[in-house]
file entry.cif (mmCIF, C-alpha atoms, pLDDT in the B column; chains and numbers go by the auth columns)
data_input
loop_
_atom_site.group_PDB
_atom_site.id
_atom_site.type_symbol
_atom_site.label_atom_id
_atom_site.label_comp_id
_atom_site.label_asym_id
_atom_site.label_seq_id
_atom_site.Cartn_x
_atom_site.Cartn_y
_atom_site.Cartn_z
_atom_site.B_iso_or_equiv
_atom_site.auth_seq_id
_atom_site.auth_asym_id
ATOM 1 C CA MET A 1 -23.459 -34.841 -6.450 52.00 136 A
ATOM 2 C CA SER A 2 -19.771 -35.303 -7.279 64.00 137 A
ATOM 3 C CA ASP A 3 -16.313 -34.544 -5.919 81.00 138 A
ATOM 4 C CA ILE A 4 -13.086 -33.558 -7.615 83.00 139 A
ATOM 5 C CA THR A 5 -9.469 -34.615 -7.467 86.00 140 A
ATOM 6 C CA PHE A 6 -6.773 -32.455 -8.997 87.00 141 A
ATOM 7 C CA GLY A 7 -3.036 -32.489 -9.621 88.00 142 A
ATOM 8 C CA ILE A 8 -1.047 -34.872 -11.824 89.00 143 A
ATOM 9 C CA HIS A 9 0.163 -37.227 -9.079 85.00 144 A
ATOM 10 C CA ALA A 10 -3.215 -37.484 -7.336 84.00 145 A
ATOM 11 C CA VAL A 11 -5.139 -38.100 -10.566 89.00 146 A
ATOM 12 C CA ASP A 12 -2.527 -40.597 -11.768 89.00 147 A
ATOM 13 C CA SER A 13 -2.962 -42.595 -8.536 82.00 148 A
ATOM 14 C CA LEU A 14 -6.741 -42.381 -8.838 84.00 149 A
ATOM 15 C CA LEU A 15 -6.669 -43.714 -12.403 88.00 150 A
ATOM 16 C CA ARG A 16 -4.445 -46.605 -11.387 85.00 151 A
ATOM 17 C CA ARG A 17 -6.345 -47.559 -8.233 79.00 152 A
ATOM 18 C CA SER A 18 -9.990 -46.580 -8.785 80.00 153 A
ATOM 19 C CA PRO A 19 -10.610 -45.656 -12.443 86.00 154 A
ATOM 20 C CA GLN A 20 -14.289 -46.618 -12.075 85.00 155 A
ATOM 21 C CA ARG A 21 -14.831 -43.584 -9.840 82.00 156 A
ATOM 22 C CA VAL A 22 -13.765 -41.096 -12.531 88.00 157 A
ATOM 23 C CA LEU A 23 -16.826 -39.529 -14.161 89.00 158 A
ATOM 24 C CA SER A 24 -14.825 -37.174 -16.362 89.00 159 A
ATOM 25 C CA LEU A 25 -11.222 -36.107 -16.743 93.00 160 A
ATOM 26 C CA LEU A 26 -10.512 -32.491 -17.674 94.00 161 A
ATOM 27 C CA ILE A 27 -7.067 -31.597 -18.985 94.00 162 A
ATOM 28 C CA GLN A 28 -5.776 -28.170 -19.894 93.00 163 A
ATOM 29 C CA ALA A 29 -5.948 -27.736 -23.662 93.00 164 A
ATOM 30 C CA ASP A 30 -2.502 -26.201 -24.168 92.00 165 A
ATOM 31 C CA ARG A 31 -0.548 -28.674 -22.020 91.00 166 A
ATOM 32 C CA ASN A 32 1.179 -31.453 -23.966 90.00 167 A
ATOM 33 C CA ASP A 33 4.322 -32.175 -21.940 92.00 168 A
ATOM 34 C CA LYS A 34 5.577 -35.670 -21.116 92.00 169 A
ATOM 35 C CA ARG A 35 3.674 -35.951 -17.820 91.00 170 A
ATOM 36 C CA ILE A 36 0.391 -34.990 -19.467 93.00 171 A
ATOM 37 C CA GLN A 37 0.998 -37.426 -22.318 93.00 172 A
ATOM 38 C CA SER A 38 1.641 -40.194 -19.805 93.00 173 A
ATOM 39 C CA LEU A 39 -1.618 -39.331 -18.030 93.00 174 A
ATOM 40 C CA LEU A 40 -3.518 -39.348 -21.339 93.00 175 A
ATOM 41 C CA THR A 41 -2.154 -42.809 -22.154 93.00 176 A
ATOM 42 C CA LEU A 42 -3.122 -44.104 -18.724 93.00 177 A
ATOM 43 C CA ALA A 43 -6.647 -42.679 -19.035 92.00 178 A
ATOM 44 C CA LYS A 44 -7.072 -44.308 -22.441 92.00 179 A
ATOM 45 C CA ASN A 45 -5.856 -47.671 -21.125 93.00 180 A
ATOM 46 C CA GLN A 46 -8.287 -47.429 -18.205 92.00 181 A
ATOM 47 C CA GLY A 47 -11.199 -46.519 -20.445 91.00 182 A
ATOM 48 C CA VAL A 48 -11.591 -43.016 -19.028 91.00 183 A
ATOM 49 C CA SER A 49 -12.642 -40.293 -21.447 91.00 184 A
ATOM 50 C CA VAL A 50 -10.726 -37.021 -21.522 93.00 185 A
ATOM 51 C CA THR A 51 -11.989 -33.533 -22.298 93.00 186 A
ATOM 52 C CA ARG A 52 -9.561 -30.783 -23.215 95.00 187 A
ATOM 53 C CA VAL A 53 -10.599 -27.440 -21.714 93.00 188 A
ATOM 54 C CA PRO A 54 -9.080 -23.945 -21.319 92.00 189 A
ATOM 55 C CA LYS A 55 -7.083 -23.273 -18.162 92.00 190 A
ATOM 56 C CA SER A 56 -9.772 -20.765 -17.121 92.00 191 A
ATOM 57 C CA ASP A 57 -12.334 -23.584 -16.896 90.00 192 A
ATOM 58 C CA LEU A 58 -10.084 -25.489 -14.501 91.00 193 A
ATOM 59 C CA ASP A 59 -9.428 -22.341 -12.474 89.00 194 A
ATOM 60 C CA THR A 60 -13.153 -21.983 -11.825 89.00 195 A
ATOM 61 C CA LYS A 61 -13.253 -25.504 -10.367 86.00 196 A
ATOM 62 C CA VAL A 62 -10.068 -25.375 -8.286 83.00 197 A
ATOM 63 C CA ALA A 63 -8.703 -22.412 -6.355 80.00 198 A
ATOM 64 C CA GLU A 64 -5.345 -24.120 -5.738 81.00 199 A
ATOM 65 C CA ARG A 65 -2.632 -25.174 -8.194 85.00 200 A
ATOM 66 C CA HIS A 66 -4.235 -27.891 -10.319 89.00 201 A
ATOM 67 C CA GLN A 67 -1.324 -28.521 -12.734 90.00 202 A
ATOM 68 C CA GLY A 68 -3.769 -28.567 -15.632 92.00 203 A
ATOM 69 C CA VAL A 69 -5.574 -31.720 -14.482 93.00 204 A
ATOM 70 C CA VAL A 70 -8.944 -32.094 -12.748 91.00 205 A
ATOM 71 C CA ALA A 71 -10.934 -35.319 -12.344 89.00 206 A
ATOM 72 C CA VAL A 72 -14.627 -35.206 -11.526 88.00 207 A
ATOM 73 C CA ILE A 73 -15.304 -38.293 -9.416 85.00 208 A
ATOM 74 C CA GLU A 74 -18.108 -40.142 -7.714 79.00 209 A
ATOM 75 C CA PRO A 75 -18.402 -39.173 -4.040 67.00 210 A
ATOM 76 C CA GLU A 76 -16.820 -41.541 -1.569 59.00 211 A
ATOM 77 C CA SER A 77 -19.352 -44.263 -0.878 46.00 212 A
ATOM 78 C CA SER A 78 -17.411 -47.496 -0.726 38.00 213 A
ATOM 79 C CA GLY A 79 -13.922 -48.896 -0.970 38.00 214 A
ATOM 80 C CA ALA A 80 -11.779 -46.687 1.279 51.00 215 A
ATOM 81 C CA LYS A 81 -14.770 -45.750 3.432 62.00 216 A
ATOM 82 C CA LEU A 82 -15.386 -47.981 6.462 74.00 217 A
ATOM 83 C CA SER A 83 -18.212 -47.641 8.968 80.00 218 A
ATOM 84 C CA GLU A 84 -17.615 -47.212 12.683 83.00 219 A
ATOM 85 C CA ARG A 85 -19.715 -50.311 13.338 84.00 220 A
ATOM 86 C CA ASP A 86 -17.547 -52.484 11.066 90.00 221 A
ATOM 87 C CA LEU A 87 -14.132 -51.260 12.256 93.00 222 A
ATOM 88 C CA VAL A 88 -13.466 -53.908 14.919 92.00 223 A
ATOM 89 C CA SER A 89 -14.668 -56.807 12.758 91.00 224 A
ATOM 90 C CA TYR A 90 -12.541 -55.521 9.873 91.00 225 A
ATOM 91 C CA LEU A 91 -9.432 -55.450 12.081 93.00 226 A
ATOM 92 C CA ALA A 92 -10.185 -58.955 13.400 90.00 227 A
ATOM 93 C CA GLY A 93 -9.020 -60.272 10.050 86.00 228 A
ATOM 94 C CA VAL A 94 -5.649 -58.510 10.331 90.00 229 A
ATOM 95 C CA GLU A 95 -2.709 -60.362 11.884 89.00 230 A
ATOM 96 C CA ARG A 96 -1.137 -57.380 13.676 94.00 231 A
ATOM 97 C CA PRO A 97 -3.263 -54.258 13.261 96.00 232 A
ATOM 98 C CA LEU A 98 -1.871 -50.745 13.060 97.00 233 A
ATOM 99 C CA VAL A 99 -4.464 -47.990 13.417 98.00 234 A
ATOM 100 C CA LEU A 100 -3.950 -44.227 13.265 98.00 235 A
ATOM 101 C CA VAL A 101 -6.325 -41.947 15.194 98.00 236 A
ATOM 102 C CA LEU A 102 -6.337 -38.214 14.430 97.00 237 A
ATOM 103 C CA ASP A 103 -8.034 -36.445 17.319 95.00 238 A
ATOM 104 C CA GLY A 104 -9.255 -33.189 15.825 89.00 239 A
ATOM 105 C CA VAL A 105 -6.932 -32.498 12.876 93.00 240 A
ATOM 106 C CA THR A 106 -8.800 -29.732 11.064 92.00 241 A
ATOM 107 C CA ASP A 107 -6.419 -28.732 8.247 93.00 242 A
ATOM 108 C CA PRO A 108 -7.197 -30.666 5.020 92.00 243 A
ATOM 109 C CA HIS A 109 -3.545 -30.482 3.969 93.00 244 A
ATOM 110 C CA ASN A 110 -2.478 -32.118 7.234 95.00 245 A
ATOM 111 C CA LEU A 111 -5.176 -34.763 6.850 95.00 246 A
ATOM 112 C CA GLY A 112 -3.960 -35.543 3.339 94.00 247 A
ATOM 113 C CA ALA A 113 -0.327 -35.731 4.458 95.00 248 A
ATOM 114 C CA CYS A 114 -1.264 -38.039 7.350 96.00 249 A
ATOM 115 C CA LEU A 115 -3.168 -40.329 4.980 95.00 250 A
ATOM 116 C CA ARG A 116 -0.181 -40.462 2.644 93.00 251 A
ATOM 117 C CA SER A 117 2.166 -41.410 5.500 96.00 252 A
ATOM 118 C CA ALA A 118 -0.380 -43.907 6.831 96.00 253 A
ATOM 119 C CA ASP A 119 -0.637 -45.654 3.472 93.00 254 A
ATOM 120 C CA ALA A 120 3.143 -45.777 3.106 94.00 255 A
ATOM 121 C CA ALA A 121 3.548 -47.236 6.619 96.00 256 A
ATOM 122 C CA GLY A 122 0.923 -49.936 6.107 95.00 257 A
ATOM 123 C CA VAL A 123 -1.731 -48.535 8.435 96.00 258 A
ATOM 124 C CA HIS A 124 -4.900 -50.623 8.295 95.00 259 A
ATOM 125 C CA ALA A 125 -7.364 -47.822 9.129 95.00 260 A
ATOM 126 C CA VAL A 126 -7.394 -44.116 9.995 96.00 261 A
ATOM 127 C CA VAL A 127 -9.964 -42.937 12.542 96.00 262 A
ATOM 128 C CA VAL A 128 -11.193 -39.333 12.864 95.00 263 A
ATOM 129 C CA PRO A 129 -14.099 -37.745 14.760 94.00 264 A
ATOM 130 C CA ARG A 130 -17.256 -36.832 12.852 91.00 265 A
ATOM 131 C CA ASP A 131 -17.092 -33.306 14.255 89.00 266 A
ATOM 132 C CA ASN A 132 -14.094 -31.002 14.524 87.00 267 A
ATOM 133 C CA SER A 133 -12.147 -32.800 11.821 91.00 268 A
ATOM 134 C CA ALA A 134 -11.005 -31.871 8.320 90.00 269 A
ATOM 135 C CA GLU A 135 -13.132 -32.998 5.406 88.00 270 A
ATOM 136 C CA LEU A 136 -11.657 -35.308 2.822 86.00 271 A
ATOM 137 C CA ASN A 137 -11.946 -32.648 0.141 85.00 272 A
ATOM 138 C CA ALA A 138 -10.041 -32.076 -3.083 82.00 273 A
ATOM 139 C CA ALA A 139 -7.145 -30.370 -1.299 84.00 274 A
ATOM 140 C CA ALA A 140 -6.752 -33.297 1.101 89.00 275 A
ATOM 141 C CA ARG A 141 -6.905 -35.800 -1.754 85.00 276 A
ATOM 142 C CA LYS A 142 -4.242 -33.947 -3.717 83.00 277 A
ATOM 143 C CA VAL A 143 -1.828 -33.983 -0.772 89.00 278 A
ATOM 144 C CA ALA A 144 -2.660 -37.639 -0.066 87.00 279 A
ATOM 145 C CA SER A 145 -1.488 -38.494 -3.613 79.00 280 A
ATOM 146 C CA GLY A 146 -3.846 -41.436 -4.027 78.00 281 A
ATOM 147 C CA ALA A 147 -3.810 -42.723 -0.438 84.00 282 A
ATOM 148 C CA ALA A 148 -7.290 -41.299 0.178 82.00 283 A
ATOM 149 C CA GLU A 149 -8.672 -43.722 -2.388 78.00 284 A
ATOM 150 C CA VAL A 150 -7.396 -46.896 -0.725 82.00 285 A
ATOM 151 C CA ILE A 151 -6.861 -46.485 2.999 88.00 286 A
ATOM 152 C CA PRO A 152 -10.009 -46.960 5.139 90.00 287 A
ATOM 153 C CA LEU A 153 -11.047 -43.670 6.744 92.00 288 A
ATOM 154 C CA VAL A 154 -13.470 -44.140 9.627 93.00 289 A
ATOM 155 C CA ARG A 155 -15.469 -41.227 11.048 93.00 290 A
ATOM 156 C CA VAL A 156 -16.673 -41.961 14.574 94.00 291 A
ATOM 157 C CA THR A 157 -19.021 -40.190 16.952 93.00 292 A
ATOM 158 C CA ASN A 158 -16.907 -40.644 20.081 94.00 293 A
ATOM 159 C CA ILE A 159 -13.130 -41.154 19.908 95.00 294 A
ATOM 160 C CA ALA A 160 -12.814 -42.322 23.531 95.00 295 A
ATOM 161 C CA ARG A 161 -15.531 -44.948 23.041 95.00 296 A
ATOM 162 C CA THR A 162 -13.872 -46.177 19.842 96.00 297 A
ATOM 163 C CA LEU A 163 -10.525 -46.452 21.620 96.00 298 A
ATOM 164 C CA LYS A 164 -12.163 -48.583 24.321 95.00 299 A
ATOM 165 C CA ALA A 165 -13.617 -50.864 21.665 95.00 300 A
ATOM 166 C CA LEU A 166 -10.200 -51.221 20.052 96.00 301 A
ATOM 167 C CA LYS A 167 -8.615 -51.980 23.429 96.00 302 A
ATOM 168 C CA ASP A 168 -11.269 -54.613 24.098 95.00 303 A
ATOM 169 C CA ALA A 169 -10.341 -56.126 20.726 94.00 304 A
ATOM 170 C CA GLY A 170 -6.727 -56.540 21.846 95.00 305 A
ATOM 171 C CA LEU A 171 -5.036 -53.385 20.557 97.00 306 A
ATOM 172 C CA TRP A 172 -2.833 -51.195 22.719 98.00 307 A
ATOM 173 C CA VAL A 173 -3.415 -47.443 22.533 98.00 308 A
ATOM 174 C CA VAL A 174 -0.373 -45.159 22.393 98.00 309 A
ATOM 175 C CA GLY A 175 -1.039 -41.431 22.624 96.00 310 A
ATOM 176 C CA THR A 176 1.407 -38.660 21.772 95.00 311 A
ATOM 177 C CA THR A 177 1.951 -35.634 23.987 93.00 312 A
ATOM 178 C CA GLY A 178 4.877 -33.400 24.829 88.00 313 A
ATOM 179 C CA GLU A 179 4.169 -33.929 28.538 89.00 314 A
ATOM 180 C CA ALA A 180 4.823 -37.696 28.404 93.00 315 A
ATOM 181 C CA ASP A 181 7.728 -39.224 30.333 94.00 316 A
ATOM 182 C CA THR A 182 8.459 -41.961 27.772 96.00 317 A
ATOM 183 C CA VAL A 183 10.255 -41.222 24.514 96.00 318 A
ATOM 184 C CA LEU A 184 8.667 -42.770 21.417 97.00 319 A
ATOM 185 C CA TYR A 185 11.747 -44.890 20.692 96.00 320 A
ATOM 186 C CA HIS A 186 11.559 -46.556 24.115 97.00 321 A
ATOM 187 C CA GLN A 187 7.973 -47.738 23.687 97.00 322 A
ATOM 188 C CA ASP A 188 7.258 -51.257 22.414 96.00 323 A
ATOM 189 C CA LEU A 189 5.299 -50.785 19.188 97.00 324 A
ATOM 190 C CA THR A 190 5.563 -54.343 17.874 96.00 325 A
ATOM 191 C CA LEU A 191 2.192 -55.284 19.404 95.00 326 A
ATOM 192 C CA PRO A 192 -1.191 -54.591 17.766 97.00 327 A
ATOM 193 C CA VAL A 193 -1.273 -50.848 18.266 97.00 328 A
ATOM 194 C CA VAL A 194 -3.265 -47.657 17.868 98.00 329 A
ATOM 195 C CA ILE A 195 -1.244 -44.461 17.426 98.00 330 A
ATOM 196 C CA VAL A 196 -3.165 -41.372 18.539 98.00 331 A
ATOM 197 C CA MET A 197 -2.136 -37.939 17.287 96.00 332 A
ATOM 198 C CA GLY A 198 -3.637 -34.769 18.740 92.00 333 A
ATOM 199 C CA ALA A 199 -4.916 -31.683 16.981 86.00 334 A
ATOM 200 C CA GLU A 200 -2.690 -28.907 15.645 79.00 335 A
ATOM 201 C CA GLY A 201 -1.910 -26.794 18.714 78.00 336 A
ATOM 202 C CA PRO A 202 -4.017 -28.156 21.600 82.00 337 A
ATOM 203 C CA GLY A 203 -3.061 -31.813 21.108 87.00 338 A
ATOM 204 C CA MET A 204 -5.221 -34.681 22.346 92.00 339 A
ATOM 205 C CA ARG A 205 -8.383 -33.957 24.288 92.00 340 A
ATOM 206 C CA ARG A 206 -8.517 -35.016 27.937 93.00 341 A
ATOM 207 C CA LEU A 207 -10.917 -37.928 27.412 94.00 342 A
ATOM 208 C CA THR A 208 -8.743 -39.183 24.579 95.00 343 A
ATOM 209 C CA THR A 209 -5.635 -38.929 26.746 95.00 344 A
ATOM 210 C CA ASP A 210 -7.369 -40.817 29.569 95.00 345 A
ATOM 211 C CA ALA A 211 -8.243 -43.626 27.155 95.00 346 A
ATOM 212 C CA CYS A 212 -4.597 -44.262 26.219 97.00 347 A
ATOM 213 C CA ASP A 213 -2.609 -47.191 27.620 97.00 348 A
ATOM 214 C CA PHE A 214 0.698 -45.396 27.078 97.00 349 A
ATOM 215 C CA LEU A 215 1.801 -41.824 26.430 97.00 350 A
ATOM 216 C CA VAL A 216 4.933 -41.008 24.443 97.00 351 A
ATOM 217 C CA LYS A 217 6.758 -37.941 23.189 94.00 352 A
ATOM 218 C CA LEU A 218 9.203 -37.111 20.457 93.00 353 A
ATOM 219 C CA PRO A 219 12.620 -35.939 21.644 90.00 354 A
ATOM 220 C CA MET A 220 13.007 -32.289 20.648 83.00 355 A
ATOM 221 C CA ALA A 221 16.620 -31.047 20.600 79.00 356 A
ATOM 222 C CA GLY A 222 16.127 -27.563 19.170 72.00 357 A
ATOM 223 C CA GLU A 223 14.270 -24.407 20.110 68.00 358 A
ATOM 224 C CA VAL A 224 11.036 -25.494 18.414 69.00 359 A
ATOM 225 C CA SER A 225 8.745 -27.168 20.949 67.00 360 A
ATOM 226 C CA SER A 226 6.724 -29.320 18.557 75.00 361 A
ATOM 227 C CA LEU A 227 6.417 -30.613 14.994 85.00 362 A
ATOM 228 C CA ASN A 228 3.624 -30.185 12.505 91.00 363 A
ATOM 229 C CA VAL A 229 1.107 -32.977 13.145 93.00 364 A
ATOM 230 C CA SER A 230 1.627 -34.569 9.743 94.00 365 A
ATOM 231 C CA VAL A 231 5.417 -34.655 10.237 95.00 366 A
ATOM 232 C CA ALA A 232 5.041 -36.076 13.748 95.00 367 A
ATOM 233 C CA THR A 233 2.617 -38.674 12.407 96.00 368 A
ATOM 234 C CA GLY A 234 5.142 -39.849 9.845 96.00 369 A
ATOM 235 C CA VAL A 235 7.853 -40.129 12.511 96.00 370 A
ATOM 236 C CA CYS A 236 5.619 -42.173 14.813 97.00 371 A
ATOM 237 C CA LEU A 237 4.292 -44.496 12.123 97.00 372 A
ATOM 238 C CA PHE A 238 7.690 -45.299 10.716 97.00 373 A
ATOM 239 C CA GLU A 239 9.016 -46.030 14.197 97.00 374 A
ATOM 240 C CA VAL A 240 6.334 -48.728 14.292 97.00 375 A
ATOM 241 C CA VAL A 241 7.590 -49.974 10.914 97.00 376 A
ATOM 242 C CA ARG A 242 11.209 -49.906 12.105 97.00 377 A
ATOM 243 C CA GLN A 243 10.473 -51.899 15.237 97.00 378 A
ATOM 244 C CA ARG A 244 8.319 -54.439 13.444 95.00 379 A
ATOM 245 C CA THR A 245 10.832 -55.068 10.689 93.00 380 A
ATOM 246 C CA ALA A 246 13.686 -55.387 13.202 86.00 381 A
ATOM 247 C CA VAL A 247 12.168 -58.397 14.981 66.00 382 A
#
call {"tool": "encode", "arguments": {"input": "entry.cif", "output": "structure tokens"}}
result
Amino acid sequence: MSDITFGIHAVDSLLRRSPQRVLSLLIQADRNDKRIQSLLTLAKNQGVSVTRVPKSDLDTKVAERHQGVVAVIEPESSGAKLSERDLVSYLAGVERPLVLVLDGVTDPHNLGACLRSADAAGVHAVVVPRDNSAELNAAARKVASGAAEVIPLVRVTNIARTLKALKDAGLWVVGTTGEADTVLYHQDLTLPVVIVMGAEGPGMRRLTTDACDFLVKLPMAGEVSSLNVSVATGVCLFEVVRQRTAV
């Protein structure tokens, strides 16, 4: 059983961060541009073997735009994966935890974009439900651009129960909803905090909303009533970064 990662940026990040997971690297035979040459050099330096194959072979493995690069990798079994049971003890070793919870994000592209923003903002763990959540598939990994290989992704059985455990561990839970009275920028996010983002469309589920300590919204000045969840996630996470770096 194996997975794949595709796209130049995603494979480059994988080779730099987790080269031991790469079982084989397939590169389009007729591509020899500067970016491919750089990837070939990196693979050689990391001890990863490369096989040149026709574009048609890559097309059979990946339905999306692969940019002539596909890595066959070991399935996620360690490293970025963190068990639900170990989440609280893992965060106990962090000075001021920042956790992202995605309550029912089902689009792999949105999951990948959220992971990329989470990694850039210094999030310590991303929590998603076991059911009704996007899989960390090749499409998600490509969008994540390497973040999927390093940021702990925790799949939990019950989001509300996990939020309670995080609250008991000293984190404050901030949920996002358009019906909130408080604007994101007026909420103190310098404390140990969990940012909860709802699903595309319906938002957070009721039990998730009830488990939040605070509810916030993004100020929307135009005709559009909401942002894509991955865009909203980036806005919220970097408001945490802004507040924490300002004190």
call {"tool": "residues_around", "arguments": {"input": "entry.cif", "residues": "region 217-229 of chain A", "least_positions_apart": "5", "cutoff": "12 Å", "atoms": "only C-alpha atoms", "output": "PyMOL selection string"}}
result
chain A and resi 211-212+234+257-265+284-294+296-306+327-329
call {"tool": "residues_around", "arguments": {"input": "entry.cif", "residues": "region 143-157 of chain A", "least_positions_apart": "6", "cutoff": "7 Å", "atoms": "all atoms listed in the file", "output": "PyMOL selection string"}}
result
chain A and resi 174+178+181+202+204+206-209+276-277+280-281+284
call {"tool": "residues_around", "arguments": {"input": "entry.cif", "residues": "Leu342 (chain A)", "least_positions_apart": "2", "cutoff": "10 Å", "atoms": "all atoms listed in the file", "output": "short mmCIF file (atom, residue, chain, number, x, y, z; two decimals) with C-alpha atoms, in the frame of the given file"}}
result
data_model
loop_
_atom_site.label_atom_id
_atom_site.label_comp_id
_atom_site.auth_asym_id
_atom_site.auth_seq_id
_atom_site.Cartn_x
_atom_site.Cartn_y
_atom_site.Cartn_z
CA ASN A 293 -16.91 -40.64 20.08
CA ILE A 294 -13.13 -41.15 19.91
CA ALA A 295 -12.81 -42.32 23.53
CA ARG A 296 -15.53 -44.95 23.04
CA MET A 339 -5.22 -34.68 22.35
CA ARG A 340 -8.38 -33.96 24.29
CA THR A 344 -5.64 -38.93 26.75
CA ASP A 345 -7.37 -40.82 29.57
CA ALA A 346 -8.24 -43.63 27.16
CA CYS A 347 -4.60 -44.26 26.22
#
call {"tool": "resolve_selection", "arguments": {"input": "entry.cif", "expression": "the PyMOL selection byres ((chain A and resi 323-325) around 10)", "output": "JSON, numbers by chain"}}
result
{"A": [231, 232, 233, 307, 308, 309, 319, 320, 321, 322, 326, 327, 328, 329, 330, 349, 371, 372, 374, 375, 376, 377, 378, 379, 380, 381, 382]}
call {"tool": "closest_residue", "arguments": {"input": "entry.cif", "among": "A:Cys249, A:Ile139, A:Leu350, A:Ala269", "to": "Ala282 (chain A)", "atoms": "only C-alpha atoms"}}
result
A:Cys249
call {"tool": "atom_distance", "arguments": {"input": "entry.cif", "atom1": "CA of Ser252 (chain A)", "atom2": "CA of Leu235 (chain A)"}}
result
10.3 Å
call {"tool": "axis_aligned_box", "arguments": {"input": "entry.cif", "around": "region 232-242 of chain A", "padding_each_side": "6 Å", "output": "lines of an AutoDock Vina configuration file"}}
result
center_x = -5.6
center_y = -41.5
center_z = 12.8
size_x = 19.4
size_y = 37.5
size_z = 21.1
call {"tool": "resolve_selection", "arguments": {"input": "entry.cif", "expression": "the PyMOL selection byres ((chain A and resi 192) around 12)", "output": "list in words"}}
result
Leu161, Ile162, Gln163, Ala164, Thr186, Arg187, Val188, Pro189, Lys190, Ser191, Leu193, Asp194, Thr195, Lys196, Val197, Ala198, His201, Gly203, Val204 and Val205 of chain A
call {"tool": "closest_residue", "arguments": {"input": "entry.cif", "among": "A:Gly247, A:Gly310, A:Asn363, A:Val185", "to": "Thr343 (chain A)", "atoms": "only C-alpha atoms"}}
result
A:Gly310
call {"tool": "resolve_selection", "arguments": {"input": "entry.cif", "expression": "the PyMOL selection byres ((chain A and resi 274) around 9)", "output": "ChimeraX atom specification"}}
result
/A:140-141,199,243-244,247,271-273,275-279
call {"tool": "write_last_selection", "arguments": {"input": "entry.cif", "atoms": "C-alpha atoms", "output": "short mmCIF file (atom, residue, chain, number, x, y, z; two decimals), in the coordinates of the input"}}
result
data_model
loop_
_atom_site.label_atom_id
_atom_site.label_comp_id
_atom_site.auth_asym_id
_atom_site.auth_seq_id
_atom_site.Cartn_x
_atom_site.Cartn_y
_atom_site.Cartn_z
CA THR A 140 -9.47 -34.62 -7.47
CA PHE A 141 -6.77 -32.46 -9.00
CA GLU A 199 -5.34 -24.12 -5.74
CA PRO A 243 -7.20 -30.67 5.02
CA HIS A 244 -3.54 -30.48 3.97
CA GLY A 247 -3.96 -35.54 3.34
CA LEU A 271 -11.66 -35.31 2.82
CA ASN A 272 -11.95 -32.65 0.14
CA ALA A 273 -10.04 -32.08 -3.08
CA ALA A 275 -6.75 -33.30 1.10
CA ARG A 276 -6.90 -35.80 -1.75
CA LYS A 277 -4.24 -33.95 -3.72
CA VAL A 278 -1.83 -33.98 -0.77
CA ALA A 279 -2.66 -37.64 -0.07
#
call {"tool": "atom_distance", "arguments": {"input": "entry.cif", "atom1": "CA of Val364 (chain A)", "atom2": "CA of Ala334 (chain A)"}}
result
7.3 Å
call {"tool": "atom_distance", "arguments": {"input": "entry.cif", "atom1": "CA of Leu250 (chain A)", "atom2": "CA of Gly142 (chain A)"}}
result
16.6 Å
call {"tool": "residues_around", "arguments": {"input": "entry.cif", "residues": "Thr312 (chain A)", "least_positions_apart": "3", "cutoff": "10 Å", "atoms": "all atoms listed in the file", "output": "number ranges by chain"}}
result
A: 309, 315-317, 331-333, 337-339, 344, 350-353, 361
